[in-house]
file upload_19.tsv (TSV, C-alpha atoms)
chain	number	residue	atom	x	y	z
A	592	MET	CA	-14.96	11.95	-4.95
A	593	SER	CA	-11.99	10.90	-2.88
A	594	GLN	CA	-11.03	12.84	0.23
A	595	ALA	CA	-7.32	13.17	1.01
A	596	ILE	CA	-6.25	13.23	4.64
A	597	PHE	CA	-2.88	13.73	6.28
A	598	ILE	CA	-2.24	11.74	9.45
A	599	ASP	CA	0.33	13.51	11.63
A	600	PRO	CA	1.62	11.32	14.50
A	601	VAL	CA	1.88	13.21	17.76
A	602	ASP	CA	4.18	10.58	19.32
A	603	VAL	CA	6.28	7.65	18.16
A	604	LEU	CA	4.21	4.85	16.63
A	605	TYR	CA	4.17	1.12	17.35
A	606	LEU	CA	3.60	-0.39	13.92
A	607	ARG	CA	3.90	-4.11	14.53
A	608	GLY	CA	4.01	-6.87	11.98
A	609	ASN	CA	2.81	-10.45	12.36
A	610	ARG	CA	5.68	-11.93	14.34
A	611	LEU	CA	4.84	-12.72	17.92
A	612	PHE	CA	7.04	-11.20	20.57
A	613	GLY	CA	6.88	-10.30	24.23
A	614	GLY	CA	8.78	-13.17	25.80
A	615	ALA	CA	11.93	-12.62	27.80
A	616	GLY	CA	14.61	-10.97	25.67
A	617	GLU	CA	12.56	-10.91	22.46
A	618	HIS	CA	12.56	-8.06	19.97
A	619	GLY	CA	9.56	-6.70	18.07
A	620	GLU	CA	10.29	-5.21	14.64
A	621	ALA	CA	8.29	-2.34	13.18
A	622	LEU	CA	6.48	-2.79	9.86
A	623	MET	CA	6.86	0.24	7.62
A	624	PRO	CA	4.69	1.06	5.89
A	625	PRO	CA	2.02	-0.68	7.95
A	626	TRP	CA	-0.91	-2.51	6.41
A	627	PRO	CA	-3.61	-0.19	5.03
A	628	SER	CA	-5.98	-1.79	7.55
A	629	VAL	CA	-4.16	0.16	10.28
A	630	ALA	CA	-5.21	3.45	8.68
A	631	SER	CA	-8.72	2.39	7.68
A	632	GLY	CA	-9.39	1.02	11.17
A	633	ALA	CA	-8.14	4.22	12.78
A	634	VAL	CA	-10.27	6.44	10.53
A	635	ARG	CA	-13.41	4.30	10.90
A	636	SER	CA	-12.95	4.25	14.68
A	637	HIS	CA	-12.56	8.05	14.56
A	638	LEU	CA	-15.87	8.33	12.71
A	639	LEU	CA	-17.53	5.96	15.17
A	640	SER	CA	-16.22	7.90	18.17
A	641	ASN	CA	-17.36	11.25	16.81
A	642	SER	CA	-20.83	9.88	16.09
A	643	GLY	CA	-21.43	9.23	19.78
A	644	ALA	CA	-22.45	5.61	19.15
A	645	GLU	CA	-21.30	2.85	21.49
A	646	PHE	CA	-18.60	0.57	20.13
A	647	ASP	CA	-20.24	-2.54	21.60
A	648	ASP	CA	-23.48	-1.73	19.79
A	649	PHE	CA	-21.62	-1.35	16.49
A	650	ALA	CA	-19.62	-4.53	17.11
A	651	SER	CA	-22.81	-6.49	17.68
A	652	GLY	CA	-24.09	-5.43	14.26
A	653	MET	CA	-26.81	-3.04	15.39
A	654	THR	CA	-28.03	-0.60	12.74
A	655	GLY	CA	-29.64	2.80	13.16
A	656	LEU	CA	-26.78	4.02	15.35
A	657	PHE	CA	-25.91	6.92	13.04
A	658	ASP	CA	-27.55	9.16	10.50
A	659	ALA	CA	-28.25	7.57	7.14
A	660	PRO	CA	-25.11	8.78	5.26
A	661	LEU	CA	-22.75	7.58	7.99
A	662	GLN	CA	-24.65	4.29	8.32
A	663	GLN	CA	-24.28	3.76	4.58
A	664	ALA	CA	-20.56	4.49	4.80
A	665	LEU	CA	-19.70	2.33	7.82
A	666	GLY	CA	-22.20	-0.49	7.40
A	667	THR	CA	-21.56	-3.20	10.01
A	668	PRO	CA	-18.45	-5.21	10.93
A	669	ARG	CA	-19.69	-8.18	8.91
A	670	GLU	CA	-21.05	-6.14	6.00
A	671	PRO	CA	-18.94	-3.00	5.51
A	672	GLY	CA	-20.52	-0.01	3.83
A	673	SER	CA	-19.23	2.25	1.08
A	674	PHE	CA	-16.19	3.45	3.06
A	675	THR	CA	-12.91	2.24	1.58
A	676	LEU	CA	-9.29	3.29	1.59
A	677	ARG	CA	-8.08	4.10	-1.92
A	678	TRP	CA	-4.49	5.09	-1.13
A	679	PHE	CA	-2.18	4.84	1.88
A	680	SER	CA	1.52	5.69	2.09
A	681	PRO	CA	4.03	7.70	4.12
A	682	ALA	CA	4.10	11.36	3.17
A	683	VAL	CA	5.55	14.75	3.95
A	684	LEU	CA	3.58	17.93	4.59
A	685	GLN	CA	5.39	21.07	3.48
A	686	ASN	CA	3.97	24.55	2.87
A	687	ASP	CA	0.46	23.15	3.42
A	688	ALA	CA	0.95	20.70	0.52
A	689	VAL	CA	1.06	16.96	1.14
A	690	GLN	CA	3.31	14.76	-0.99
A	691	PRO	CA	3.42	10.95	-0.92
A	692	VAL	CA	6.57	8.92	-0.35
A	693	PHE	CA	6.38	5.57	-2.15
A	694	PRO	CA	8.55	2.42	-2.02
A	695	LEU	CA	10.66	1.76	-5.09
A	696	PRO	CA	8.70	-0.19	-7.73
A	697	GLN	CA	10.18	-3.60	-8.44
A	698	ASP	CA	11.12	-2.50	-11.96
A	699	VAL	CA	13.48	0.19	-10.61
A	700	PHE	CA	17.10	-0.47	-9.66
A	701	ILE	CA	19.43	1.97	-7.87
A	702	PRO	CA	23.07	0.88	-7.81
A	703	GLU	CA	24.96	1.38	-4.58
A	704	ASN	CA	27.45	4.26	-4.73
A	705	LYS	CA	29.84	4.37	-1.79
A	706	GLU	CA	32.13	6.91	-3.45
A	707	ALA	CA	29.40	9.57	-3.43
A	708	GLY	CA	28.62	9.01	0.24
A	709	GLY	CA	25.67	6.82	-0.62
A	710	GLN	CA	23.99	9.47	-2.78
A	711	PRO	CA	22.56	7.73	-5.89
A	712	GLN	CA	24.05	8.87	-9.18
A	713	GLU	CA	21.92	6.81	-11.56
A	714	VAL	CA	18.59	5.00	-11.77
A	715	HIS	CA	17.88	2.00	-13.99
A	716	HIS	CA	14.66	0.34	-15.13
A	717	LEU	CA	14.04	-3.36	-15.63
A	718	GLN	CA	12.56	-4.15	-19.02
A	719	PRO	CA	10.66	-7.25	-20.20
A	720	CYS	CA	12.86	-9.33	-22.46
A	721	ARG	CA	12.66	-12.70	-24.19
A	722	LEU	CA	15.51	-14.94	-23.15
A	723	PRO	CA	17.91	-16.26	-25.81
A	724	GLU	CA	17.10	-19.62	-27.30
A	725	GLY	CA	18.29	-22.38	-25.01
A	726	ALA	CA	18.05	-20.32	-21.82
A	727	GLN	CA	15.40	-21.66	-19.47
A	728	THR	CA	13.98	-20.46	-16.16
A	729	SER	CA	11.12	-21.40	-13.89
A	730	ALA	CA	9.33	-18.15	-14.82
A	731	PRO	CA	5.96	-19.07	-16.36
A	732	LEU	CA	5.54	-15.92	-18.47
A	733	ASP	CA	6.73	-15.17	-21.99
A	734	GLN	CA	9.30	-12.62	-20.91
A	735	VAL	CA	11.52	-11.89	-17.91
A	736	ALA	CA	12.13	-8.47	-16.37
A	737	VAL	CA	15.83	-7.88	-17.04
A	738	LEU	CA	18.28	-5.26	-15.79
A	739	LYS	CA	20.57	-4.15	-18.61
A	740	ARG	CA	23.76	-2.70	-17.16
A	741	ASN	CA	27.40	-2.98	-18.14
A	742	ASP	CA	28.86	-3.35	-14.65
A	743	PRO	CA	27.56	-5.43	-11.71
A	744	ALA	CA	26.38	-3.51	-8.66
A	745	LYS	CA	24.62	-4.05	-5.38
A	746	PRO	CA	21.24	-2.37	-4.92
A	747	ALA	CA	21.22	0.74	-2.74
A	748	SER	CA	18.84	0.76	0.21
A	749	GLY	CA	16.96	3.47	2.03
A	750	TRP	CA	15.62	5.30	-1.05
A	751	TRP	CA	11.98	5.74	-2.07
A	752	LEU	CA	10.17	7.76	-4.74
A	753	ASN	CA	9.07	11.31	-4.05
A	754	GLU	CA	6.00	12.96	-5.58
A	755	ALA	CA	7.80	13.84	-8.82
A	756	GLY	CA	9.18	10.31	-9.07
A	757	LEU	CA	5.74	8.76	-8.67
A	758	GLN	CA	4.36	11.07	-11.37
A	759	ALA	CA	7.25	10.19	-13.70
A	760	TRP	CA	6.78	6.43	-13.22
A	761	VAL	CA	3.07	6.64	-14.00
A	762	LYS	CA	3.68	8.70	-17.14
A	763	GLY	CA	6.36	6.28	-18.38
A	764	GLU	CA	9.16	8.83	-18.06
A	765	PRO	CA	12.68	7.76	-17.03
A	766	LEU	CA	13.55	8.25	-13.36
A	767	THR	CA	16.56	10.25	-12.19
A	768	PRO	CA	18.24	10.72	-8.77
A	769	ASP	CA	16.12	13.88	-8.35
A	770	HIS	CA	13.06	11.61	-8.14
A	771	LEU	CA	14.36	9.89	-4.99
A	772	ILE	CA	14.02	10.71	-1.31
A	773	ALA	CA	15.95	9.21	1.60
A	774	ILE	CA	13.57	7.60	4.07
A	775	SER	CA	15.88	8.81	6.84
A	776	ASP	CA	14.65	12.32	5.96
A	777	VAL	CA	11.06	11.25	6.60
A	778	TRP	CA	11.24	8.88	9.58
A	779	SER	CA	13.64	6.91	11.76
A	780	THR	CA	13.35	3.87	13.99
A	781	GLU	CA	13.84	4.07	17.73
A	782	GLN	CA	14.17	1.30	20.29
A	783	ARG	CA	11.84	1.06	23.27
A	784	LEU	CA	12.16	-1.19	26.31
A	785	GLY	CA	9.06	-3.07	27.42
A	786	ILE	CA	8.19	-5.05	30.54
A	787	ALA	CA	5.40	-7.62	30.48
A	788	ARG	CA	2.63	-7.19	33.01
A	789	ASP	CA	1.13	-9.93	35.12
A	790	ALA	CA	-2.55	-10.18	34.17
A	791	GLU	CA	-3.65	-11.10	37.70
A	792	THR	CA	-1.64	-8.65	39.78
A	793	ALA	CA	-1.21	-5.87	37.18
A	794	THR	CA	2.44	-5.65	38.22
A	795	ALA	CA	5.62	-6.21	36.22
A	796	ALA	CA	6.18	-9.88	35.37
A	797	GLU	CA	9.53	-11.17	36.59
A	798	GLY	CA	12.14	-11.61	33.85
A	799	GLN	CA	9.78	-10.53	31.06
A	800	ILE	CA	11.76	-7.69	29.50
A	801	TYR	CA	11.70	-7.15	25.75
A	802	THR	CA	12.52	-4.47	23.18
A	803	THR	CA	10.49	-3.18	20.29
A	804	GLU	CA	11.01	-0.79	17.39
A	805	THR	CA	9.00	2.40	17.05
A	806	ILE	CA	8.65	4.79	14.13
A	807	ALA	CA	9.50	8.45	14.77
A	808	PHE	CA	8.61	10.85	11.96
A	809	ARG	CA	10.89	13.78	11.26
A	810	ARG	CA	9.50	17.16	12.19
A	811	ARG	CA	10.99	20.49	11.16
A	812	GLN	CA	9.67	24.01	11.28
A	813	ASP	CA	8.23	23.95	7.76
A	814	ARG	CA	8.15	20.21	7.02
A	815	GLN	CA	6.81	17.17	8.81
A	816	GLY	CA	6.41	13.49	8.06
A	817	GLY	CA	3.27	11.41	8.44
A	818	PHE	CA	0.85	9.39	6.34
A	819	LEU	CA	-1.30	10.27	3.34
A	820	ALA	CA	-4.59	8.47	2.78
A	821	LEU	CA	-7.34	8.77	0.19
A	822	VAL	CA	-10.79	7.85	1.48
A	823	ASP	CA	-13.74	6.93	-0.74
A	824	GLY	CA	-17.39	6.37	0.07
A	825	ILE	CA	-18.00	9.16	2.57
A	826	ALA	CA	-18.82	12.85	2.29
A	827	ALA	CA	-15.92	15.20	3.04
A	828	ASP	CA	-17.92	17.11	5.67
A	829	ALA	CA	-18.55	13.82	7.51
A	830	LEU	CA	-14.82	13.33	8.09
A	831	PRO	CA	-13.93	15.69	10.97
A	832	ASP	CA	-10.41	16.80	11.80
A	833	GLY	CA	-9.09	15.83	15.20
A	834	LEU	CA	-7.12	13.24	17.12
A	835	LEU	CA	-7.33	9.52	16.49
A	836	ARG	CA	-5.69	6.37	17.89
A	837	PHE	CA	-3.16	4.92	15.48
A	838	GLY	CA	-1.24	1.64	15.56
A	839	GLY	CA	-0.22	-0.41	18.59
A	840	ASP	CA	-1.05	0.98	22.04
A	841	GLY	CA	-3.35	3.53	20.39
A	842	ARG	CA	-0.76	6.29	20.06
A	843	ALA	CA	-2.20	9.69	19.18
A	844	ALA	CA	-2.15	11.08	15.66
A	845	ARG	CA	-3.72	14.20	14.24
A	846	LEU	CA	-6.08	13.88	11.26
A	847	GLN	CA	-6.47	16.82	8.92
A	848	ARG	CA	-8.16	17.03	5.56
A	849	SER	CA	-5.89	17.87	2.66
A	850	ALA	CA	-5.82	18.02	-1.15
A	851	TRP	CA	-4.16	15.38	-3.32
A	852	GLN	CA	-5.16	13.25	-6.29
A	853	LEU	CA	-3.81	10.03	-7.78
A	854	PRO	CA	-1.42	10.60	-10.69
A	855	GLU	CA	-2.87	10.04	-14.16
A	856	PRO	CA	-0.95	8.08	-16.81
A	857	ASP	CA	-0.55	8.99	-20.46
A	858	TRP	CA	-3.81	7.41	-21.61
A	859	GLN	CA	-3.20	8.28	-25.26
A	860	ARG	CA	0.10	6.43	-25.28
A	861	ILE	CA	-1.44	3.40	-23.56
A	862	ARG	CA	-4.23	3.28	-26.16
A	863	ASP	CA	-1.81	3.67	-29.04
A	864	GLU	CA	0.69	1.04	-27.87
A	865	LYS	CA	-1.98	-1.23	-26.32
A	866	THR	CA	0.30	-1.90	-23.36
A	867	CYS	CA	0.66	-0.68	-19.79
A	868	ARG	CA	2.18	-1.43	-16.41
A	869	ILE	CA	0.24	-2.16	-13.23
A	870	LEU	CA	1.87	-1.16	-9.94
A	871	LEU	CA	0.51	-2.41	-6.61
A	872	SER	CA	0.06	0.61	-4.33
A	873	THR	CA	-1.27	-1.51	-1.44
A	874	PRO	CA	-0.67	-5.23	-0.73
A	875	GLY	CA	-2.44	-7.60	-3.08
A	876	LEU	CA	-4.59	-10.43	-1.73
A	877	PHE	CA	-5.08	-12.65	-4.75
A	878	ALA	CA	-6.87	-15.97	-5.10
A	879	ALA	CA	-4.05	-17.46	-7.23
A	880	GLY	CA	-0.93	-16.49	-5.31
A	881	TRP	CA	1.22	-13.97	-7.19
A	882	ARG	CA	-0.89	-14.07	-10.36
A	883	LEU	CA	-2.76	-10.91	-11.20
A	884	PRO	CA	-6.56	-11.26	-10.82
A	885	GLY	CA	-8.06	-12.13	-14.18
A	886	MET	CA	-4.89	-13.93	-15.33
A	887	ASP	CA	-4.72	-17.62	-16.19
A	888	GLU	CA	-1.70	-19.92	-15.97
A	889	LYS	CA	-0.57	-19.03	-19.49
A	890	GLY	CA	-0.62	-15.27	-18.90
A	891	ASN	CA	-3.92	-14.51	-20.65
A	892	TRP	CA	-5.77	-11.75	-18.78
A	893	LYS	CA	-9.27	-10.31	-18.94
A	894	LEU	CA	-11.91	-8.56	-16.87
A	895	PRO	CA	-14.80	-10.82	-15.81
A	896	ASP	CA	-17.29	-9.02	-18.09
A	897	GLY	CA	-14.95	-9.37	-21.09
A	898	SER	CA	-14.78	-5.61	-21.72
A	899	LEU	CA	-10.97	-5.65	-21.66
A	900	LYS	CA	-8.43	-8.37	-22.23
A	901	GLY	CA	-4.72	-8.76	-22.90
A	902	ARG	CA	-1.61	-10.69	-21.87
A	903	VAL	CA	0.60	-10.43	-18.81
A	904	VAL	CA	3.98	-10.76	-20.51
A	905	ALA	CA	6.21	-10.23	-17.47
A	906	ALA	CA	6.10	-9.52	-13.74
A	907	ALA	CA	8.50	-8.22	-11.12
A	908	VAL	CA	7.22	-9.49	-7.78
A	909	SER	CA	9.15	-9.67	-4.53
A	910	ARG	CA	8.72	-12.29	-1.82
A	911	SER	CA	5.22	-12.62	-0.39
A	912	ARG	CA	4.31	-11.37	3.07
A	913	THR	CA	1.63	-12.60	5.44
A	914	VAL	CA	-1.20	-10.28	6.43
A	915	SER	CA	-3.34	-10.96	9.47
A	916	GLY	CA	-4.48	-8.66	12.29
A	917	TRP	CA	-6.99	-8.61	15.09
A	918	ASP	CA	-10.74	-8.32	14.69
A	919	LEU	CA	-11.85	-6.08	17.58
A	920	ALA	CA	-15.55	-6.44	16.80
A	921	GLN	CA	-15.53	-10.24	17.04
A	922	TRP	CA	-12.45	-10.43	19.28
A	923	HIS	CA	-10.42	-13.01	17.43
A	924	PRO	CA	-7.48	-13.03	15.01
A	925	LYS	CA	-8.14	-12.29	11.36
A	926	PRO	CA	-7.24	-15.10	8.96
A	927	ALA	CA	-3.60	-15.10	7.89
A	928	GLN	CA	-3.44	-14.39	4.16
A	929	ARG	CA	-0.43	-14.36	1.86
A	930	SER	CA	-0.04	-11.02	0.11
A	931	VAL	CA	1.79	-9.69	-2.93
A	932	PRO	CA	3.96	-6.79	-1.69
A	933	VAL	CA	3.53	-3.11	-2.49
A	934	GLY	CA	5.66	-2.08	-5.47
A	935	SER	CA	5.14	-5.27	-7.49
A	936	VAL	CA	4.86	-4.59	-11.21
A	937	TYR	CA	3.00	-6.41	-14.00
A	938	TRP	CA	3.46	-5.68	-17.73
A	939	LEU	CA	0.30	-6.03	-19.85
A	940	SER	CA	0.35	-6.04	-23.65
A	941	GLU	CA	-1.98	-6.83	-26.57
A	942	LEU	CA	-4.79	-4.96	-24.85
A	943	GLU	CA	-8.16	-5.24	-26.62
A	944	GLY	CA	-11.46	-3.58	-25.84
A	945	ASP	CA	-12.26	-0.24	-24.24
A	946	ILE	CA	-8.72	0.18	-22.90
A	947	GLU	CA	-9.00	3.46	-20.99
A	948	ALA	CA	-12.41	2.69	-19.47
A	949	GLY	CA	-11.32	-0.77	-18.33
A	950	LEU	CA	-8.04	0.40	-16.82
A	951	ARG	CA	-9.79	3.33	-15.12
A	952	ARG	CA	-12.00	0.80	-13.38
A	953	LEU	CA	-8.87	-0.82	-11.97
A	954	LEU	CA	-7.58	2.58	-10.91
A	955	ASP	CA	-10.86	3.65	-9.31
A	956	ASP	CA	-12.07	0.37	-7.78
A	957	GLY	CA	-8.84	-1.58	-7.41
A	958	LEU	CA	-8.03	-5.07	-8.63
A	959	TRP	CA	-11.31	-6.25	-7.11
A	960	THR	CA	-12.76	-5.31	-10.50
A	961	ALA	CA	-10.75	-8.13	-12.11
A	962	MET	CA	-11.96	-10.75	-9.59
A	963	THR	CA	-14.96	-13.02	-9.84
A	964	ASP	CA	-17.63	-12.87	-7.14
A	965	GLU	CA	-16.32	-16.14	-5.74
A	966	GLU	CA	-12.77	-14.77	-5.46
A	967	GLN	CA	-14.01	-11.62	-3.74
A	968	ASP	CA	-16.00	-13.68	-1.24
A	969	GLU	CA	-12.94	-15.83	-0.56
A	970	ILE	CA	-10.83	-12.83	0.40
A	971	GLY	CA	-13.59	-11.01	2.27
A	972	ALA	CA	-15.46	-7.72	2.00
A	973	GLN	CA	-13.64	-6.39	5.05
A	974	ARG	CA	-10.31	-6.47	3.21
A	975	ARG	CA	-11.81	-4.38	0.43
A	976	ALA	CA	-12.90	-1.71	2.89
A	977	GLU	CA	-9.44	-1.81	4.46
A	978	GLY	CA	-7.80	-0.75	1.21
A	979	PHE	CA	-6.06	-3.87	-0.08
A	980	ASN	CA	-5.68	-4.65	-3.83
A	981	ARG	CA	-5.20	-1.05	-4.93
A	982	CYS	CA	-3.02	-0.17	-7.90
A	983	LEU	CA	-1.67	2.52	-10.19
A	984	ILE	CA	-1.69	2.34	-13.98
A	985	GLY	CA	1.56	3.30	-15.69
A	986	ALA	CA	2.33	4.02	-19.32
A	987	PRO	CA	5.00	1.80	-20.87
A	988	LEU	CA	8.56	3.01	-20.48
A	989	ASP	CA	10.30	3.90	-23.72
A	990	SER	CA	13.40	1.67	-23.78
A	991	ARG	CA	15.29	4.39	-25.65
A	992	ASN	CA	15.09	6.56	-22.53
A	993	ASN	CA	16.25	3.86	-20.13
call {"tool": "encode", "arguments": {"input": "upload_19.tsv", "output": "structure tokens"}}
result
Amino acid sequence: MSQAIFIDPVDVLYLRGNRLFGGAGEHGEALMPPWPSVASGAVRSHLLSNSGAEFDDFASGMTGLFDAPLQQALGTPREPGSFTLRWFSPAVLQNDAVQPVFPLPQDVFIPENKEAGGQPQEVHHLQPCRLPEGAQTSAPLDQVAVLKRNDPAKPASGWWLNEAGLQAWVKGEPLTPDHLIAISDVWSTEQRLGIARDAETATAAEGQIYTTETIAFRRRQDRQGGFLALVDGIAADALPDGLLRFGGDGRAARLQRSAWQLPEPDWQRIRDEKTCRILLSTPGLFAAGWRLPGMDEKGNWKLPDGSLKGRVVAAAVSRSRTVSGWDLAQWHPKPAQRSVPVGSVYWLSELEGDIEAGLRRLLDDGLWTAMTDEEQDEIGAQRRAEGFNRCLIGAPLDSRNN
């Protein structure tokens, strides 16, 4: 059973990406949303702190530091336990109900509308389509995700899906402007001035002034922004409310247990049409670049045990991003790995086998289920615990409603 938690930042957050900064006049950009490892590391550190165990003992791989259930959940730095992050996204808490805020899937297009003051008036969906005979592209799949629209338009920016929009996408229902939320209503970026410190004298280093972006969540009387996470592999009563250190400089955030569940697709429609969409809800770390785990070069796809197979007919994938980080236990950088961004979409068709059971495994365990043991070892067990390679299953969109 997954436990939902709402992370409410007490102060602005330093959510840094992978670009080095800190030299004279340099600028550090914020990464929003941050990697799921930021949240999983904060929550695991919170559990470790509340247990009373020494961090150095845990970092050295000592066992027997906690009671048996917590030991099973946390494991060791080299061999993580059952704890894993199943979902992580920005969110809003209103009237004691938490609602996720999710980046636009890559199969959704919002045309810019300057006449309406930037307020979107329409939402379009990309649909897989075979190109006319004679048209050629470098795309290796049978079909290409195409936007069908009479007039050209630039994409609008600053809009994400709200809770209703996420539910509609998963169920295969057409999106409308009511399914959108302006990220400026959830958080804003603020600039902070930093001065490097001399390591020997602990005083300000001469000429070493830089700026960095911070994330400030909106807070109103009845509504506040923060993060929503779903945690698996630990009992709910073992996850205490309280303060934790979150992001760069260990800024304070308040953890409180909440209630939320992943949206369920229209399983009957998926079984009947033998097709679905897969949406990355956290960054994907795949052994074959952008290709979905279980997919070969020709688009054929199957689970390793053969219980489900099909074809990836099209994909909408944005430019890759590099994931790294810092390993506090072993005190060295984590390997830099190329990731498939959140919001990437894959269309599967010609599904054969136990369709619902196989897709539920992807929903419950992530795309790790579609990887071989060798591929999982290549990426690393730590990344699984950190919440990478998670997805949502969506019913196919009826083109008549687009």
call {"tool": "atom_distance", "arguments": {"input": "upload_19.tsv", "atom1": "CA of Ala843 in chain A", "atom2": "CA of Asp599 in chain A"}}
result
8.8 Å
call {"tool": "closest_atom_pairs", "arguments": {"input": "upload_19.tsv", "of": "range 778-886 of chain A", "to": "range 903-914 of chain A", "cutoff": "10 Å", "atoms": "all atoms listed in the file", "output": "tab-separated table"}}
result
residue	atom	partner	partner_atom	distance
A:Thr866	CA	A:Val903	CA	9.7
A:Cys867	CA	A:Val903	CA	9.8
A:Arg868	CA	A:Ala906	CA	9.4
A:Ile869	CA	A:Ala906	CA	9.4
A:Leu870	CA	A:Ala907	CA	9.8
A:Leu871	CA	A:Val908	CA	9.8
A:Pro874	CA	A:Arg912	CA	8.8
A:Gly875	CA	A:Ser911	CA	9.5
A:Leu876	CA	A:Val914	CA	8.8
A:Gly880	CA	A:Ser911	CA	8.8
A:Trp881	CA	A:Val908	CA	7.5
A:Arg882	CA	A:Ala906	CA	9.0
A:Leu883	CA	A:Val903	CA	8.3
A:Gly885	CA	A:Val903	CA	10.0
A:Met886	CA	A:Val903	CA	7.4
call {"tool": "closest_residue", "arguments": {"input": "upload_19.tsv", "among": "A:Ala878, A:Arg952, A:Trp626, A:Gln685", "to": "Gln967 in chain A", "atoms": "all atoms listed in the file"}}
result
A:Ala878
call {"tool": "closest_residue", "arguments": {"input": "upload_19.tsv", "among": "A:Ala820, A:Val777, A:Leu695, A:Val735", "to": "Ser631 in chain A", "atoms": "all atoms listed in the file"}}
result
A:Ala820
call {"tool": "atom_distance", "arguments": {"input": "upload_19.tsv", "atom1": "CA of Gln847 in chain A", "atom2": "CA of Ala595 in chain A"}}
result
8.8 Å
call {"tool": "residues_around", "arguments": {"input": "upload_19.tsv", "residues": "Ala826 in chain A", "least_positions_apart": "6", "cutoff": "10 Å", "atoms": "all atoms listed in the file", "output": "list in words"}}
result
Met592, Ser593, Gln594, Pro660, Leu661, Ala664 and Phe674 of chain A
call {"tool": "atom_distance", "arguments": {"input": "upload_19.tsv", "atom1": "CA of Gln782 in chain A", "atom2": "CA of Leu604 in chain A"}}
result
11.2 Å
call {"tool": "residues_around", "arguments": {"input": "upload_19.tsv", "residues": "range 739-742 of chain A", "least_positions_apart": "2", "cutoff": "8 Å", "atoms": "only C-alpha atoms", "output": "ChimeraX atom specification"}}
result
/A:717,737,744
call {"tool": "closest_residue", "arguments": {"input": "upload_19.tsv", "among": "A:Asp968, A:Glu703, A:Asp918, A:Glu781", "to": "Ser628 in chain A", "atoms": "only C-alpha atoms"}}
result
A:Asp918
